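**Q** I am attaching a structure below and will ask some questions about it afterwards.
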Amino acid sequence: LLILWGILGWVAAAAQQDPMFTNYHFNALVFNPAYAGSNEHLTLNIAHRQQWLGFDGAPITQTLTAHTPLRNERVGVGFALTNDKIGPGGSTDLAASYAYRMQVGPSKKYKLSIGLQAGVANWRGKFSTITVEDIDDPSFAQNQSRWLPNFGAGAYLYGEKFYLGLGCPSILEHDLRKTKNDTEGLFAKNYRNLYLTTGAAFPLQGGQLVFRPSLLVQNAGFLSDVKSEAPGQNIGAPMSANLGAAVLFRQLFWAGTSYRTALSGKSSHDSANFWFAWSLRNGMRFGASYDIT
């Protein structure tokens, strides 16, 4: 943990581009392919997030994930579909994941999963829909759409009462301009994001209650050229952390809270978050969350 923290703290951060999730525990496959099959059964998850209610063009994100172990219990597979929209721009990502899992530790109580994924993303900008003061501005003259292939990797160590994960869902960085030497002076690039997750489970009252603390650390621009590209381009979001705690009642009802903030830079505290989830006996689960910025 100290080594990982040192690596994350050394790297400068770039603008946030991957969407945020308050209930990231339930769709971790989006940012770590090694999560595939870790629930030991077929798992489907749909999530919808809408930020800044009441503002036109506010961020809206949907995800659909599915993953399962195969007959060979060492192998897990899955896919993740993410649609993210903000203002006139947006992206759609589709990725397939493969995870190889092995038992580790003296008593074989933990599993170590190594995951790989391959996918493609569509980055688009409907700039012609923007009302501009200068109708001849070439930056808004036409819409743009780019199909960008990518691949990712991750590792996930987990057991009944503890987990630790490290994932990089998009290793390749793409320049989103029409050409690298764009004469219009545009700057647009997607940077790789790194995610560190950890958490634990502490049974209470004979297992009727389970206390589950968790931590998500997100870094943008890991081992990239963001340091040299940031000056003059007005980019730079700090490394962020989401520290949370939840209680599971009788394996049915979840109630949780979390606090999201920056770990570097001059960014202010982001939000305090509250969420709940209800698990039915037939395997379905419903939940909702609310962020107070």
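All residue names refer to the structure tokens as shown: chains lettered A, B, ... in order, residues numbered from 1 in each chain, ligands numbered from 1 in order.
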Please return as a VMD selection string: the residues of segment 14-246 of chain A that backbone DSSP assigns to alpha helix (DSSP H).
**A** chain A and resid 226 to 229
**Q** Report as a list in words all protein, DNA and RNA residues lying within 6 Å of Gly167 of chain A, evaluated on only C-alpha atoms, omitting residues in the same chain fewer than 5 positions from it.
**A**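 Close residues of Gly167 of chain A: Phe31, Asn32, Gly154, Leu194 and Tyr195 of chain A.
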**Q** Could you jot down the atom CA of Leu252 of chain A to atom CA of Pro19 of chain A separation for me, Å, one decimal place?
**A** 28.1 Å
**Q** Calculated over only C-alpha atoms, which of the candidates A:Lys111, A:Arg250, A:Arg281, A:His269 has the smallest distance to Thr293 of chain A?
**A**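 Counting only C-alpha atoms, the residue closest to Thr293 of chain A is A:His269.
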**Q** Between atom CA of Gly256 of chain A and atom CA of Leu42 of chain A, measure the distance and give it in Å to one decimal.
**A**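 Atom-to-atom, atom CA of Gly256 of chain A and atom CA of Leu42 of chain A are spaced 24.6 Å apart.
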**Q** Pick out the closest residue to Leu29 of chain A from this set: A:Met284, A:Ile292, A:Ala153, A:Ala141. Count only C-alpha atoms.
**A**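 Using only C-alpha atoms, the shortest distance to Leu29 of chain A belongs to A:Ala153.
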**Q** At a cut-off of 10 Å, using only C-alpha atoms, what residues contact Tyr156 of chain A? Leave out same-chain residues fewer than 2 positions from it and give the result as a ChimeraX atom specification.
**A** /A:32-36,38,99,101,111-115,154,158,163-167,196-198
**Q** Tell me which of A:Leu248, A:Leu215, A:Leu209, A:Ala95 sits closest to Ser170 of chain A, counting only C-alpha atoms.
**A**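 The closest residue to Ser170 of chain A is A:Ala95.
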**Q** So that I can check the surroundings of Glu160 of chain A, please list as a count of residues only every protein, DNA and RNA residue that reaches within 10 Å of it, counting only C-alpha atoms and ignoring chain neighbours fewer than 4 positions away.
**A** 6
**Q** Pick out the residues sitting within 9 Å of Ser128 of chain A, and hand them over as a PyMOL selection string; count only C-alpha atoms, and ignore anything fewer than 5 positions along from it in its own chain.
**A** chain A and resi 88+140-143
**Q** For those residues, write N, CA, C and O atoms to a file as an mmCIF file, in the first residue's frame.
**A**
```
data_model
loop_
_atom_site.group_PDB
_atom_site.id
_atom_site.type_symbol
_atom_site.label_atom_id
_atom_site.label_comp_id
_atom_site.auth_asym_id
_atom_site.auth_seq_id
_atom_site.Cartn_x
_atom_site.Cartn_y
_atom_site.Cartn_z
ATOM 1 N N PRO A 88 -22.602 19.256 -25.140
ATOM 2 C CA PRO A 88 -22.667 18.767 -26.516
ATOM 3 C C PRO A 88 -21.746 17.577 -26.777
ATOM 4 O O PRO A 88 -21.711 17.059 -27.889
ATOM 5 N N PHE A 140 -16.523 25.473 -33.928
ATOM 6 C CA PHE A 140 -17.879 24.959 -33.763
ATOM 7 C C PHE A 140 -18.570 24.733 -35.101
ATOM 8 O O PHE A 140 -19.787 24.632 -35.175
ATOM 9 N N ALA A 141 -17.788 24.661 -36.173
ATOM 10 C CA ALA A 141 -18.373 24.598 -37.509
ATOM 11 C C ALA A 141 -18.962 23.225 -37.823
ATOM 12 O O ALA A 141 -19.915 23.131 -38.593
ATOM 13 N N GLN A 142 -18.414 22.168 -37.262
ATOM 14 C CA GLN A 142 -18.895 20.837 -37.603
ATOM 15 C C GLN A 142 -18.770 19.892 -36.417
ATOM 16 O O GLN A 142 -17.967 20.110 -35.510
ATOM 17 N N ASN A 143 -19.589 18.855 -36.452
ATOM 18 C CA ASN A 143 -19.538 17.833 -35.408
ATOM 19 C C ASN A 143 -18.338 16.922 -35.635
ATOM 20 O O ASN A 143 -17.816 16.819 -36.744
#
```
**Q** Excluding same-chain residues fewer than 5 positions from segment 46-55 of chain A, what lies within 8 Å of it counting only C-alpha atoms, as a short mmCIF file (atom, residue, chain, number, x, y, z; two decimals) with all heavy atoms, in the first residue's frame?
**A**
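Result file is out38.cif:
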```cif
data_model
loop_
_atom_site.label_atom_id
_atom_site.label_comp_id
_atom_site.auth_asym_id
_atom_site.auth_seq_id
_atom_site.Cartn_x
_atom_site.Cartn_y
_atom_site.Cartn_z
N PHE A 21 -18.73 7.50 -9.82
CA PHE A 21 -19.87 6.75 -9.33
C PHE A 21 -19.82 6.72 -7.81
O PHE A 21 -18.79 6.42 -7.22
CB PHE A 21 -19.88 5.32 -9.87
CG PHE A 21 -20.02 5.23 -11.36
CD1 PHE A 21 -18.90 5.04 -12.16
CD2 PHE A 21 -21.26 5.36 -11.96
CE1 PHE A 21 -19.02 4.97 -13.52
CE2 PHE A 21 -21.39 5.29 -13.33
CZ PHE A 21 -20.27 5.10 -14.12
N ASN A 27 -20.38 -1.77 -9.54
CA ASN A 27 -20.01 -1.85 -10.96
C ASN A 27 -18.51 -1.65 -11.14
O ASN A 27 -18.06 -0.92 -12.02
CB ASN A 27 -20.81 -0.84 -11.79
CG ASN A 27 -20.56 0.60 -11.36
OD1 ASN A 27 -20.03 0.84 -10.28
ND2 ASN A 27 -20.93 1.54 -12.21
N ILE A 60 -24.65 13.12 -17.55
CA ILE A 60 -25.53 11.95 -17.39
C ILE A 60 -24.73 10.72 -17.80
O ILE A 60 -24.12 10.70 -18.87
CB ILE A 60 -26.80 12.07 -18.24
CG1 ILE A 60 -27.63 13.29 -17.81
CG2 ILE A 60 -27.64 10.80 -18.12
CD1 ILE A 60 -28.87 13.50 -18.66
N THR A 61 -24.72 9.70 -16.95
CA THR A 61 -23.92 8.51 -17.21
C THR A 61 -24.76 7.26 -16.96
O THR A 61 -25.49 7.19 -15.96
CB THR A 61 -22.69 8.47 -16.30
OG1 THR A 61 -21.98 9.70 -16.41
CG2 THR A 61 -21.77 7.32 -16.68
N GLN A 62 -24.66 6.30 -17.88
CA GLN A 62 -25.28 4.99 -17.68
C GLN A 62 -24.24 3.90 -17.89
O GLN A 62 -23.35 4.05 -18.74
CB GLN A 62 -26.44 4.76 -18.67
CG GLN A 62 -27.60 5.72 -18.54
CD GLN A 62 -27.55 6.84 -19.55
OE1 GLN A 62 -26.78 6.80 -20.48
NE2 GLN A 62 -28.39 7.85 -19.34
N THR A 63 -24.36 2.85 -17.11
CA THR A 63 -23.47 1.70 -17.29
C THR A 63 -24.28 0.40 -17.26
O THR A 63 -25.28 0.30 -16.55
CB THR A 63 -22.38 1.60 -16.20
OG1 THR A 63 -23.01 1.39 -14.92
CG2 THR A 63 -21.54 2.87 -16.14
N LEU A 64 -23.83 -0.55 -18.03
CA LEU A 64 -24.35 -1.91 -18.01
C LEU A 64 -23.16 -2.84 -17.94
O LEU A 64 -22.29 -2.81 -18.80
CB LEU A 64 -25.17 -2.19 -19.27
CG LEU A 64 -25.56 -3.67 -19.50
CD1 LEU A 64 -26.46 -4.18 -18.39
CD2 LEU A 64 -26.23 -3.83 -20.86
N THR A 65 -23.10 -3.64 -16.88
CA THR A 65 -22.00 -4.59 -16.73
C THR A 65 -22.56 -5.99 -16.52
O THR A 65 -23.64 -6.16 -15.93
CB THR A 65 -21.08 -4.22 -15.55
OG1 THR A 65 -21.84 -4.23 -14.34
CG2 THR A 65 -20.46 -2.86 -15.75
#
```
**Q** Please identify the strand (DSSP E or B) residues within segment 4-162 of chain A (assignment by DSSP from backbone atoms) and present them as a ChimeraX atom specification.
**A** /A:43-50,60-69,75-86,89-104,110-125,144-158,162
**Q** One number please: atom CA of Asn242 of chain A to atom CA of Ala220 of chain A, in Å, one decimal.
**A**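 Computing it gives 14.7 Å between the two atoms.
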**Q** Using only C-alpha atoms, determine which residues lie at most 6 Å from Thr261 of chain A, disregarding the query and same-chain residues fewer than 4 positions distant; provide the list as number ranges by chain.
**A** A: 240-241, 269-270
**Q** Write to file, as a PDB file, in the first residue's frame, the residues of the selection just made, with all heavy atoms.
**A**
```pdb
ATOM      1  N   SER A 240      -8.102  12.212  -6.619  1.00  0.00           N
ATOM      2  CA  SER A 240      -9.259  12.262  -5.741  1.00  0.00           C
ATOM      3  C   SER A 240      -9.396  10.973  -4.943  1.00  0.00           C
ATOM      4  O   SER A 240      -8.870   9.925  -5.317  1.00  0.00           O
ATOM      5  CB  SER A 240     -10.536  12.491  -6.556  1.00  0.00           C
ATOM      6  OG  SER A 240     -10.781  11.397  -7.418  1.00  0.00           O
ATOM      7  N   ALA A 241     -10.119  11.074  -3.846  1.00  0.00           N
ATOM      8  CA  ALA A 241     -10.367   9.920  -2.985  1.00  0.00           C
ATOM      9  C   ALA A 241     -11.817   9.906  -2.559  1.00  0.00           C
ATOM     10  O   ALA A 241     -12.434  10.954  -2.338  1.00  0.00           O
ATOM     11  CB  ALA A 241      -9.469   9.964  -1.751  1.00  0.00           C
ATOM     12  N   HIS A 269     -13.360  20.553  -1.348  1.00  0.00           N
ATOM     13  CA  HIS A 269     -14.019  19.287  -1.046  1.00  0.00           C
ATOM     14  C   HIS A 269     -15.168  19.085  -2.035  1.00  0.00           C
ATOM     15  O   HIS A 269     -15.925  20.009  -2.311  1.00  0.00           O
ATOM     16  CB  HIS A 269     -14.540  19.304   0.384  1.00  0.00           C
ATOM     17  CG  HIS A 269     -13.497  19.708   1.383  1.00  0.00           C
ATOM     18  ND1 HIS A 269     -12.403  18.924   1.675  1.00  0.00           N
ATOM     19  CD2 HIS A 269     -13.365  20.832   2.138  1.00  0.00           C
ATOM     20  CE1 HIS A 269     -11.652  19.542   2.577  1.00  0.00           C
ATOM     21  NE2 HIS A 269     -12.216  20.690   2.863  1.00  0.00           N
ATOM     22  N   ASP A 270     -15.321  17.865  -2.535  1.00  0.00           N
ATOM     23  CA  ASP A 270     -16.296  17.652  -3.604  1.00  0.00           C
ATOM     24  C   ASP A 270     -17.697  17.402  -3.078  1.00  0.00           C
ATOM     25  O   ASP A 270     -18.616  18.132  -3.400  1.00  0.00           O
ATOM     26  CB  ASP A 270     -15.855  16.477  -4.484  1.00  0.00           C
ATOM     27  CG  ASP A 270     -16.757  16.294  -5.682  1.00  0.00           C
ATOM     28  OD1 ASP A 270     -16.649  17.091  -6.626  1.00  0.00           O
ATOM     29  OD2 ASP A 270     -17.588  15.365  -5.660  1.00  0.00           O
TER      30      ASP A 270
END
```
**Q** Tell me which of A:Gly119, A:Ser107, A:His174, A:Gly159 sits closest to Ala80 of chain A, counting only C-alpha atoms.
**A**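 Result for the nearest residue to Ala80 of chain A: A:Gly119.
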